[in-house]
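Structure file structure-v3.cif with mmCIF, C-alpha atoms:
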data_my_file
#
loop_
_atom_site.label_atom_id
_atom_site.label_comp_id
_atom_site.auth_asym_id
_atom_site.auth_seq_id
_atom_site.Cartn_x
_atom_site.Cartn_y
_atom_site.Cartn_z
CA MET A 173 -13.44 -31.26 18.42
CA THR A 174 -12.22 -28.00 16.93
CA PHE A 175 -9.12 -26.10 17.99
CA GLU A 176 -11.28 -23.45 19.69
CA GLU A 177 -13.22 -26.15 21.58
CA TYR A 178 -9.94 -27.71 22.67
CA LEU A 179 -8.86 -24.36 24.18
CA HIS A 180 -12.26 -23.56 25.71
CA ASP A 181 -11.47 -24.69 29.27
CA LYS A 182 -7.83 -23.63 29.17
CA LEU A 183 -7.80 -20.00 28.03
CA ALA A 184 -9.84 -16.80 28.07
CA PRO A 185 -12.05 -16.08 25.02
CA ALA A 186 -9.86 -13.15 23.88
CA THR A 187 -6.74 -15.34 24.03
CA ILE A 188 -8.48 -18.13 22.10
CA LYS A 189 -9.41 -15.65 19.38
CA SER A 190 -5.83 -14.37 19.22
CA TYR A 191 -4.43 -17.91 18.98
CA SER A 192 -6.93 -18.76 16.23
CA VAL A 193 -5.81 -15.77 14.17
CA ASP A 194 -2.16 -16.85 14.46
CA VAL A 195 -3.03 -20.41 13.42
CA ASN A 196 -5.14 -19.24 10.48
CA ASN A 197 -2.21 -17.13 9.25
CA LEU A 198 -0.02 -20.24 9.29
CA ILE A 199 -2.68 -22.23 7.42
CA ILE A 200 -2.88 -19.51 4.75
CA TYR A 201 0.91 -19.61 4.47
CA LEU A 202 1.28 -23.40 4.27
CA THR A 203 -2.22 -24.48 3.09
CA PRO A 204 -4.38 -26.76 5.32
CA LYS A 205 -2.87 -30.05 4.12
CA ARG A 206 0.73 -28.95 4.61
CA THR A 207 -0.01 -27.46 8.04
CA THR A 208 -0.98 -30.80 9.60
CA LYS A 209 2.28 -32.26 8.24
CA ALA A 210 4.48 -29.23 8.96
CA SER A 211 8.05 -29.92 10.06
CA TYR A 212 10.28 -28.02 12.46
CA GLU A 213 12.04 -26.54 9.41
CA ASP A 214 8.73 -25.32 7.95
CA LEU A 215 7.90 -23.46 11.15
CA GLU A 216 11.40 -22.05 11.44
CA VAL A 217 11.12 -20.59 7.93
CA TYR A 218 7.66 -19.21 8.76
CA VAL A 219 8.84 -17.46 11.93
CA ASN A 220 11.83 -16.07 10.05
CA GLN A 221 9.49 -14.62 7.41
CA LEU A 222 7.61 -12.80 10.18
CA ARG A 223 10.90 -11.60 11.65
CA GLU A 224 12.00 -10.18 8.30
CA GLY A 225 8.65 -8.44 8.09
CA GLY A 226 9.67 -6.32 11.07
CA TYR A 227 7.50 -7.96 13.72
CA SER A 228 8.73 -7.59 17.29
CA SER A 229 10.25 -10.39 19.38
CA GLY A 230 7.20 -10.19 21.66
CA TYR A 231 4.86 -10.83 18.72
CA LEU A 232 7.01 -13.73 17.51
CA LYS A 233 6.89 -15.26 20.98
CA LYS A 234 3.08 -15.01 20.98
CA VAL A 235 2.90 -16.70 17.55
CA VAL A 236 5.12 -19.58 18.68
CA ASN A 237 2.94 -20.04 21.80
CA SER A 238 -0.17 -20.15 19.59
CA LEU A 239 1.35 -22.72 17.26
CA MET A 240 2.58 -24.78 20.21
CA LYS A 241 -1.02 -25.04 21.43
CA TYR A 242 -2.27 -25.83 17.93
CA PHE A 243 0.12 -28.72 17.40
CA ASP A 244 -0.63 -30.00 20.91
CA TYR A 245 -4.25 -30.05 19.74
CA LEU A 246 -3.32 -32.03 16.62
CA VAL A 247 -1.44 -34.56 18.77
CA THR A 248 -4.33 -34.84 21.24
CA THR A 249 -6.82 -35.42 18.43
CA GLN A 250 -4.42 -37.96 16.84
CA GLN A 251 -3.97 -35.95 13.65
CA ARG A 252 -0.21 -36.21 14.06
CA LYS A 253 2.23 -37.85 16.47
CA ASP A 254 4.59 -35.00 17.35
CA ASN A 255 4.69 -31.27 18.01
CA PRO A 256 7.20 -29.62 15.61
CA CYS A 257 7.22 -26.43 17.71
CA VAL A 258 9.20 -28.15 20.44
CA GLY A 259 12.76 -26.90 20.22
CA ILE A 260 12.05 -23.55 18.57
CA LYS A 261 14.12 -20.98 20.46
CA LEU A 262 13.67 -17.27 19.86
CA LYS A 263 16.89 -15.38 20.39
CA ASP A 264 15.97 -12.03 18.88
CA LYS A 265 18.20 -9.26 20.15
CA VAL A 266 18.24 -5.51 19.62
CA VAL A 267 20.81 -4.61 16.97
CA SER A 268 23.32 -2.26 18.58
CA SER A 269 25.14 -1.25 15.39
CA VAL A 270 24.29 -0.50 11.80
CA GLN A 271 26.45 -2.01 9.08
CA LEU A 272 26.17 0.56 6.30
CA GLN A 273 27.80 -1.70 3.71
CA ASP A 274 24.80 -4.03 4.02
CA LEU A 275 22.26 -1.30 3.29
CA PHE A 276 20.87 0.05 0.00
CA LYS A 277 21.48 3.31 -1.82
CA PRO A 278 18.45 5.30 -3.14
CA LYS A 279 18.98 4.13 -6.74
CA GLU A 280 19.03 0.51 -5.57
CA LEU A 281 15.78 0.97 -3.65
CA GLU A 282 14.20 2.50 -6.77
CA LEU A 283 14.85 -0.76 -8.60
CA LEU A 284 12.27 -2.44 -6.36
CA MET A 285 9.57 -0.43 -8.14
CA ASN A 286 10.45 -2.04 -11.48
CA ARG A 287 8.68 -5.28 -10.70
CA THR A 288 6.63 -7.37 -13.08
CA ASP A 289 3.22 -8.75 -12.17
CA PRO A 290 0.87 -10.84 -14.31
CA TYR A 291 -1.97 -8.32 -14.00
CA PRO A 292 -1.81 -4.49 -14.15
CA ILE A 293 -4.12 -4.25 -11.12
CA LEU A 294 -1.57 -6.12 -8.99
CA ARG A 295 1.32 -4.11 -10.36
CA ILE A 296 -0.21 -0.81 -9.25
CA LYS A 297 -1.09 -2.16 -5.78
CA ASN A 298 2.37 -3.68 -5.26
CA GLN A 299 4.12 -0.52 -6.47
CA ALA A 300 2.06 1.59 -4.07
CA LEU A 301 2.95 -0.70 -1.19
CA THR A 302 6.63 -0.86 -2.16
CA SER A 303 6.80 2.93 -2.43
CA LEU A 304 5.85 3.29 1.24
CA MET A 305 8.83 1.15 2.19
CA ILE A 306 11.46 2.79 -0.03
CA TYR A 307 10.37 6.43 0.39
CA GLN A 308 8.79 6.63 3.87
CA GLY A 309 10.61 3.64 5.39
CA LEU A 310 7.42 2.06 6.75
CA LEU A 311 7.49 -1.32 8.46
CA VAL A 312 4.83 -4.02 8.20
CA LYS A 313 2.78 -3.04 11.25
CA GLU A 314 2.72 0.61 10.19
CA MET A 315 1.45 -0.33 6.72
CA PHE A 316 -1.12 -2.70 8.18
CA ASN A 317 -2.49 0.10 10.40
CA LEU A 318 -2.98 2.56 7.53
CA ARG A 319 -6.57 3.65 6.93
CA LEU A 320 -8.02 5.26 3.83
CA GLY A 321 -8.40 8.58 5.66
CA ASP A 322 -4.69 8.65 6.55
CA ILE A 323 -3.66 9.65 3.03
CA ASP A 324 -4.37 13.13 1.67
CA LEU A 325 -3.64 13.32 -2.06
CA ASN A 326 -4.51 17.01 -2.25
CA GLU A 327 -1.89 17.87 0.37
CA GLY A 328 0.43 15.06 -0.72
CA THR A 329 0.77 13.67 2.81
CA ILE A 330 0.28 10.43 4.69
CA TYR A 331 -0.35 10.06 8.43
CA ILE A 332 1.41 7.20 10.21
CA SER A 333 -0.21 6.23 13.52
CA SER A 334 1.91 5.25 16.49
CA THR A 335 2.72 1.64 17.35
CA SER A 336 4.15 0.06 20.48
CA LYS A 337 7.63 0.97 19.24
CA SER A 338 7.18 4.07 17.08
CA ASN A 339 5.74 7.58 17.25
CA GLU A 340 3.03 8.99 15.03
CA ARG A 341 4.07 11.35 12.25
CA MET A 342 2.84 13.11 9.11
CA LEU A 343 5.11 12.55 6.11
CA LYS A 344 5.21 14.04 2.64
CA LEU A 345 4.56 11.78 -0.34
CA GLN A 346 6.88 11.83 -3.31
CA PRO A 347 5.23 13.46 -6.38
CA LYS A 348 5.24 10.12 -8.21
CA GLN A 349 3.45 8.53 -5.25
CA VAL A 350 0.52 10.94 -5.48
CA MET A 351 -0.43 9.73 -8.97
CA LEU A 352 0.29 6.12 -8.05
CA PHE A 353 -2.01 6.23 -5.03
CA TYR A 354 -4.67 8.08 -7.01
CA LYS A 355 -4.81 5.12 -9.43
CA TYR A 356 -4.70 2.63 -6.58
CA ILE A 357 -7.50 4.27 -4.55
CA HIS A 358 -9.82 5.07 -7.46
CA GLU A 359 -9.19 2.14 -9.82
CA VAL A 360 -7.52 -0.77 -8.05
CA ARG A 361 -8.85 -0.74 -4.50
CA PRO A 362 -12.56 -0.74 -5.51
CA ALA A 363 -11.92 -3.87 -7.57
CA LEU A 364 -10.23 -5.61 -4.63
CA ARG A 365 -12.62 -4.55 -1.89
CA ARG A 366 -15.23 -7.05 -0.75
CA GLY A 367 -17.64 -5.43 1.67
CA GLU A 368 -16.83 -2.36 3.69
CA SER A 369 -13.23 -1.83 4.72
CA ASN A 370 -11.40 1.35 5.66
CA TYR A 371 -7.94 -0.21 5.47
CA LEU A 372 -5.79 1.52 2.86
CA LEU A 373 -3.80 -1.50 1.69
CA ILE A 374 -5.85 -4.60 0.96
CA ASN A 375 -5.23 -7.87 -0.85
CA GLN A 376 -7.22 -9.79 -3.46
CA ARG A 377 -9.56 -11.06 -0.74
CA GLY A 378 -10.35 -7.54 0.41
CA LYS A 379 -8.45 -8.06 3.68
CA PRO A 380 -5.63 -5.83 5.00
CA VAL A 381 -2.22 -6.92 3.74
CA SER A 382 -0.22 -9.14 6.09
CA GLY A 383 3.47 -9.37 6.88
CA LEU A 384 3.75 -12.59 4.94
CA GLU A 385 2.24 -11.01 1.83
CA ILE A 386 4.79 -8.22 2.04
CA SER A 387 7.60 -10.76 2.44
CA TYR A 388 6.36 -12.58 -0.66
CA LEU A 389 6.28 -9.25 -2.47
CA LEU A 390 10.01 -8.77 -1.86
CA LYS A 391 11.02 -12.38 -2.46
CA PRO A 392 11.41 -12.17 -6.30
CA MET A 393 13.64 -9.12 -5.87
CA LYS A 394 16.11 -10.77 -3.50
CA SER A 395 18.07 -12.28 -6.40
CA MET A 396 19.13 -8.73 -7.31
CA PHE A 397 20.98 -8.35 -4.02
CA THR A 398 22.45 -11.74 -3.17
CA ASP A 399 25.13 -10.10 -0.99
CA ARG A 400 22.61 -8.40 1.30
CA LYS A 401 19.44 -9.13 3.21
CA LEU A 402 16.36 -7.56 1.65
CA SER A 403 13.51 -7.06 4.12
CA PRO A 404 11.22 -4.24 5.31
CA MET A 405 13.62 -3.68 8.21
CA THR A 406 16.78 -3.35 6.09
CA ILE A 407 14.87 -1.09 3.67
CA LYS A 408 13.87 1.20 6.56
CA MET A 409 17.44 1.22 7.86
CA SER A 410 18.59 2.18 4.36
CA VAL A 411 16.07 5.04 4.14
CA ILE A 412 17.23 6.44 7.50
CA SER A 413 20.90 6.10 6.58
CA ASN A 414 20.33 7.85 3.24
CA LEU A 415 18.51 10.74 4.94
CA LEU A 416 21.53 11.30 7.18
CA ARG A 417 23.92 11.10 4.22
CA ASP A 418 21.88 13.85 2.56
CA GLY A 419 22.57 16.16 5.50
CA ASN A 420 19.28 16.00 7.42
CA ASN A 421 19.77 16.60 11.15
CA LEU A 422 19.17 13.99 13.82
CA ARG A 423 15.87 15.43 15.06
CA GLU A 424 14.40 15.57 11.56
CA VAL A 425 15.41 11.98 10.88
CA GLN A 426 14.14 10.88 14.29
CA TYR A 427 10.71 12.31 13.46
CA TYR A 428 10.72 10.85 9.93
CA GLY A 429 11.47 7.36 11.22
CA GLY A 430 9.12 7.59 14.18
CA TYR A 431 11.90 6.78 16.63
CA ARG A 432 11.15 7.29 20.32
CA LYS A 433 14.79 8.19 21.12
CA VAL A 434 17.28 10.24 19.14
CA SER A 435 19.96 7.76 20.24
CA SER A 436 18.41 5.23 17.82
CA VAL A 437 19.32 7.54 14.94
CA GLU A 438 22.78 8.32 16.31
CA LEU A 439 23.74 4.69 15.71
CA TYR A 440 23.65 5.44 11.98
CA ARG A 441 25.74 8.59 12.25
CA GLN A 442 28.34 6.91 14.44
CA GLN A 443 28.69 4.14 11.90
CA GLN A 444 29.07 6.70 9.09
CA VAL A 445 31.93 8.35 10.99
CA GLU A 446 33.65 4.98 11.38
CA GLU A 447 33.16 4.25 7.70
CA LEU A 448 34.68 7.63 6.77
CA LYS A 449 37.69 6.95 9.02
CA ASN A 450 38.26 3.60 7.30
CA VAL A 451 38.13 5.22 3.85
CA ILE A 452 40.66 7.87 4.90
CA LEU A 453 42.97 5.24 6.35
CA ARG A 454 42.80 3.20 3.14
CA MET A 455 43.57 6.26 0.99
CA HIS A 456 46.10 7.87 3.30
CA PRO A 457 47.70 5.19 5.51
CA TYR A 458 50.11 6.24 8.20
#
For the structure just supplied, provide its representation as structure tokens.
Amino acid sequence: MTFEEYLHDKLAPATIKSYSVDVNNLIIYLTPKRTTKASYEDLEVYVNQLREGGYSSGYLKKVVNSLMKYFDYLVTTQQRKDNPCVGIKLKDKVVSSVQLQDLFKPKELELLMNRTDPYPILRIKNQALTSLMIYQGLLVKEMFNLRLGDIDLNEGTIYISSTSKSNERMLKLQPKQVMLFYKYIHEVRPALRRGESNYLLINQRGKPVSGLEISYLLKPMKSMFTDRKLSPMTIKMSVISNLLRDGNNLREVQYYGGYRKVSSVELYRQQQVEELKNVILRMHPY
């Protein structure tokens, strides 16, 4: 009995398909053999990788529900004796403040482009992907949704479609990105593509890049910043903070980041004011 057959009488076809996708992502992450023997700690690390990729708490909850069903299936079919998902508690909360000392300056973000990869084809692809995080502040879901037609190299722009939590916007590419994406689209992407695909960012299997792949991309760079958390979310927060430091107004930054409410951007400015007060107090105490 397969996992899909196990779910057949319990869930709707669309839900079964969604659960299967979540389980297959775990299997790709752990490999088939490790998945059947996965521990609570393995799953906790996996969920945390998704969280660092910028996925919402609602998505994480869906993934945990999928995996709960999968390990119930393994227990029912006597492939293991326990369900390691039992006990996983999601306590994701909206961050109400921005700690600027934990973010990255533009020169630090630029260092992420100086990565080494065993093959030039991977280096160009990974640099293109990284550039969208450090210059446009894109999160995983936004990068996943990018289509080939969303980038216009002649105009030097990229269109970001809306998500459940962000607005659509048209952003300018950095000059260095135009040449980078030209090489990626005309040299690298055709070598990676298998069959027809209109996704802009694809992996070696010709599939759209996933959150886990992006997390792996950043993993080797984390040793450079042992005092801070490096993830797509902290990179985006850094991009927004740096835009405000450069004097851009709230509405401009709101549009750039795709924020639904200007109050989301004001959190950064309020924190900058507090930081400035602390500096003044240190230099000129009462």
Carefully work through the PyMOL selection byres ((chain A and resi 306-313) around 8) for this structure and note down the residues it includes, as an NGL selection string. :A and (225-227 or 281-282 or 302-305 or 314-317 or 335 or 343 or 345-346 or 382-383 or 386 or 404-405 or 407-409 or 411-412 or 428-429)
Using all atoms listed in the file, which of A:Leu352, A:Val219, A:Val235, A:Ala300 sits nearest Thr187 in chain A?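 Once distances to Thr187 in chain A are computed over all atoms listed in the file, the minimum belongs to A:Val235.
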Starting from the shown file, work through the PyMOL selection byres ((chain A and resi 253) around 12) and note down what comes out as number ranges by chain. A: 208-211, 243-252, 254-256
Kindly give the distance, in Å, that separates CA of Leu262 in chain A and CA of Lys233 in chain A, rounded to a single decimal.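 Distance between the two atoms: 7.2 Å.
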For the point (17.4, 12.5, 15.7) in the file's frame, write as number ranges by chain all residues with an atom no more than 10 Å away, counting only C-alpha atoms. A: 416, 420-438, 441
May I have the residues from that selection written out with C-alpha atoms, as a compact mmCIF listing (two decimals), in the frame of the given file?
# COMPACT_ATOMS: atom_id res chain seq x y z
CA LEU A 416 21.53 11.30 7.18
CA ASN A 420 19.28 16.00 7.42
CA ASN A 421 19.77 16.60 11.15
CA LEU A 422 19.17 13.99 13.82
CA ARG A 423 15.87 15.43 15.06
CA GLU A 424 14.40 15.57 11.56
CA VAL A 425 15.41 11.98 10.88
CA GLN A 426 14.14 10.88 14.29
CA TYR A 427 10.71 12.31 13.46
CA TYR A 428 10.72 10.85 9.93
CA GLY A 429 11.47 7.36 11.22
CA GLY A 430 9.12 7.59 14.18
CA TYR A 431 11.90 6.78 16.63
CA ARG A 432 11.15 7.29 20.32
CA LYS A 433 14.79 8.19 21.12
CA VAL A 434 17.28 10.24 19.14
CA SER A 435 19.96 7.76 20.24
CA SER A 436 18.41 5.23 17.82
CA VAL A 437 19.32 7.54 14.94
CA GLU A 438 22.78 8.32 16.31
CA ARG A 441 25.74 8.59 12.25
Residues at most 12 Å from Asn196 in chain A, counting all atoms listed in the file, excluding those fewer than 5 positions away in the same chain, as an MDAnalysis selection string? chainID A and resid 175:176 189:191 201:204 207 235 238:239 242
Selection export as a PDB file, keeping the file's coordinate frame, atoms kept: C-alpha atoms:
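Output contents, as saved in again_21.pdb:
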ATOM      1  CA  PHE A 175      -9.120 -26.100  17.990  1.00  0.00           C
ATOM      2  CA  GLU A 176     -11.280 -23.450  19.690  1.00  0.00           C
ATOM      3  CA  LYS A 189      -9.410 -15.650  19.380  1.00  0.00           C
ATOM      4  CA  SER A 190      -5.830 -14.370  19.220  1.00  0.00           C
ATOM      5  CA  TYR A 191      -4.430 -17.910  18.980  1.00  0.00           C
ATOM      6  CA  TYR A 201       0.910 -19.610   4.470  1.00  0.00           C
ATOM      7  CA  LEU A 202       1.280 -23.400   4.270  1.00  0.00           C
ATOM      8  CA  THR A 203      -2.220 -24.480   3.090  1.00  0.00           C
ATOM      9  CA  PRO A 204      -4.380 -26.760   5.320  1.00  0.00           C
ATOM     10  CA  THR A 207      -0.010 -27.460   8.040  1.00  0.00           C
ATOM     11  CA  VAL A 235       2.900 -16.700  17.550  1.00  0.00           C
ATOM     12  CA  SER A 238      -0.170 -20.150  19.590  1.00  0.00           C
ATOM     13  CA  LEU A 239       1.350 -22.720  17.260  1.00  0.00           C
ATOM     14  CA  TYR A 242      -2.270 -25.830  17.930  1.00  0.00           C
TER      15      TYR A 242
END
One decimal, Å: what's the distance from CA of Asp418 in chain A over to CA of Leu318 in chain A, could you say? 27.8 Å
Find the distance between CA of Leu215 in chain A and CA of Leu390 in chain A and write it in Å to one decimal. 19.7 Å
Expected selection from the PyMOL selection byres ((chain A and resi 277) around 9), given as an mmCIF file with C-alpha atoms, in the frame of the given file:
data_model
loop_
_atom_site.group_PDB
_atom_site.id
_atom_site.type_symbol
_atom_site.label_atom_id
_atom_site.label_comp_id
_atom_site.auth_asym_id
_atom_site.auth_seq_id
_atom_site.Cartn_x
_atom_site.Cartn_y
_atom_site.Cartn_z
ATOM 1 C CA LEU A 275 22.260 -1.300 3.290
ATOM 2 C CA PHE A 276 20.870 0.050 0.000
ATOM 3 C CA PRO A 278 18.450 5.300 -3.140
ATOM 4 C CA LYS A 279 18.980 4.130 -6.740
ATOM 5 C CA GLU A 280 19.030 0.510 -5.570
ATOM 6 C CA LEU A 281 15.780 0.970 -3.650
ATOM 7 C CA GLU A 282 14.200 2.500 -6.770
ATOM 8 C CA SER A 410 18.590 2.180 4.360
ATOM 9 C CA VAL A 411 16.070 5.040 4.140
ATOM 10 C CA SER A 413 20.900 6.100 6.580
ATOM 11 C CA ASN A 414 20.330 7.850 3.240
#
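If you measure from each of A:Met396, A:Ile293, A:Leu301, A:Leu232 to Ala363 in chain A using only C-alpha atoms, the closest one turns out to be A:Ile293.
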For Asp324 in chain A, work out the shell of residues within 10 Å, counting all atoms listed in the file and skipping chain neighbours fewer than 3 positions away, then give it as number ranges by chain. A: 320-321, 327-331, 344-345, 350, 353
Atoms to include: C-alpha atoms. Write the selected residues as a PDB file, in the frame of the given file.
ATOM      1  CA  LEU A 320      -8.020   5.260   3.830  1.00  0.00           C
ATOM      2  CA  GLY A 321      -8.400   8.580   5.660  1.00  0.00           C
ATOM      3  CA  GLU A 327      -1.890  17.870   0.370  1.00  0.00           C
ATOM      4  CA  GLY A 328       0.430  15.060  -0.720  1.00  0.00           C
ATOM      5  CA  THR A 329       0.770  13.670   2.810  1.00  0.00           C
ATOM      6  CA  ILE A 330       0.280  10.430   4.690  1.00  0.00           C
ATOM      7  CA  TYR A 331      -0.350  10.060   8.430  1.00  0.00           C
ATOM      8  CA  LYS A 344       5.210  14.040   2.640  1.00  0.00           C
ATOM      9  CA  LEU A 345       4.560  11.780  -0.340  1.00  0.00           C
ATOM     10  CA  VAL A 350       0.520  10.940  -5.480  1.00  0.00           C
ATOM     11  CA  PHE A 353      -2.010   6.230  -5.030  1.00  0.00           C
TER      12      PHE A 353
END
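The shell of residues at most 12 Å from Ser369 in chain A, with all atoms listed in the file counted and near chain neighbours (fewer than 5 positions) removed, consists of A:Leu318, A:Arg319, A:Leu320, A:Gly321, A:Arg361, A:Pro362, A:Leu364, A:Ile374, A:Asn375, A:Arg377, A:Gly378, A:Lys379, A:Pro380.
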Point out the residue among A:Asp274, A:Lys234, A:Leu372, A:Val258 with the least atom-to-atom distance to Phe397 in chain A, counting only C-alpha atoms.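 The answer is A:Asp274, which sits nearest to Phe397 in chain A.
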Of the listed residues A:Met351, A:Ile199, A:Leu284, A:Ile260, that which approaches Lys391 in chain A most closely, counting all atoms listed in the file: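 Ranked by minimum distance to Lys391 in chain A, first place goes to A:Leu284.
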Counting all atoms listed in the file, figure out which residue out of A:Gln221, A:Ile200, A:Asp194, A:Asn298 gets nearest to Asn237 in chain A.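 Using all atoms listed in the file, Asn237 in chain A sits closest to A:Asp194.
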